[in-house]
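Engineer: Sharing a structure here in structure tokens format.
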Amino acid sequence: NDGSVTPLGAREAMSEKTALALSPDGQAVAYADTTSLWLRSTTTGTLLWSANSKPARITELKFSPDGKTVAAACVDGLVRRWHAESGRPRPSLRGPNLRVYALAYTDDGKRMASGSRDGTIRLWDTETGENTIVIRAHDDYVHALAFAPGGETLYSGSGDGTVRSWSRRPFAERWAERVDMLERRTRLRATVEKQMQALRNPEAVAVHLQEAEMDPKDRMVALDLVLELSEAGDSK
């Protein structure tokens with residue numbers, strides 16, 4: 001906060017750093033310069049361990065949410081992993097021979113997303129190392145990834161200039177939810193229209209709906225219809 005500089009390490013201090021990640025508890029920092037990786041204590045600066053990814057350059061580092069694993073995105077298509085406590089290698093996640101630029105963990109650490117040069121996103125089971133899903137996401141490299149809390153939605157940023165979101169929920173589930181909402185709108189529309197005509201005041205209709213005993217989803221749809229009909233009336 002006071003703008004002071006605290007160097008971590010001497011021999012590697014002048015090399016170009018390509019990636020950095022802080023452990024979840026803030027007690028360790030991992031950083032890389034092309035093909036070398038170091039883990040140091042943030043309180044003492046002590047080197048805890050070092051490793052390398054030769055011959056592949058490291059583009060990003062991530063700690064798992066529990067702090068037990070350090071993962072590195074590499075330009076040879078691998079996501080290399082190490083045990084954070086000891087520095088022992090863990091099995092790599094092996095995709096096609098394409099540069100990996102971005103990594104993201106779900107908050108439970110059970111899944112990881114990686115973004116590649118060809119615009120694809122791959123989802124991995126971190127326990128088995130299995131590549132479970134491939135998303136043809138962008139027209140250029142995927143350079144940034146982030147999971148929303150709960151891990152149901154993944155956001156991606158790309159060299160094609162777009163930011164997109166992706167849902168884990170199966171298409172059939174999302175489609176069924178959409179159909180259900182449309183059916184509720186059709187069923188409730190006539191009732192809401194009659195109340196609008198009778199009360200001639202959208203706010204009064206909204207209050208009536210809030211106080212009525214009805215299914216919560218029906219209430220939400222009905223209130224949306226009140227707003228929609230009110231705006232349609234104002235535009236005439």
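Residues are named by chain letter and number: chains run A, B, ... in the order of the structure tokens, numbers start at 1 in each chain, and ligands are numbered from 1 in the order shown.
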Taking 6 positions as the minimum chain separation for residues in the same chain, which residues sit within 9 Å of Val100 of chain A when counting only C-alpha atoms? Answer as number ranges by chain.
Structural biologist: A: 58-60, 73-79, 114-117, 141-143
Engineer: Segment 179-191 of chain A: which residues within 9 Å, counting only C-alpha atoms, same-chain residues fewer than 3 positions away excluded, as an MDAnalysis selection string?
Structural biologist: chainID A and resid 174:176 194:196 217:218 221:222 225
Engineer: Compile the contact shell of Glu16 of chain A as a list in words: residues with an atom at most 12 Å away, counting only C-alpha atoms, same-chain residues fewer than 2 positions apart removed.
Structural biologist: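 So the residues in contact are Glu12, Ala13, Met14, Thr18, Ala19, Leu20, Tyr31, Ala32, Asp33, Thr34, Thr35, Ser36, Leu37, Arg57, Ile58 and Thr59 of chain A.
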Engineer: Can you measure atom CA of Leu103 of chain A to atom CA of Leu145 of chain A for me? One decimal in Å is fine.
Structural biologist: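 Taking atom CA of Leu103 of chain A as the start and atom CA of Leu145 of chain A as the end point, the length is 6.1 Å.
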Engineer: How would you write, as number ranges by chain, the set of residues in segment 55-196 of chain A that DSSP gives as strand (DSSP E)?
Structural biologist: A: 58-63, 69-74, 78-83, 89-94, 100-105, 111-116, 120-125, 131-136, 142-147, 153-158, 163-167
Engineer: Give me the residues near segment 40-51 of chain A as a PyMOL selection string, where near means some atom within 7 Å (using only C-alpha atoms) and where sequence neighbours in that chain fewer than 2 positions away do not count.
Structural biologist: chain A and resi 8+27-30+36-38+87
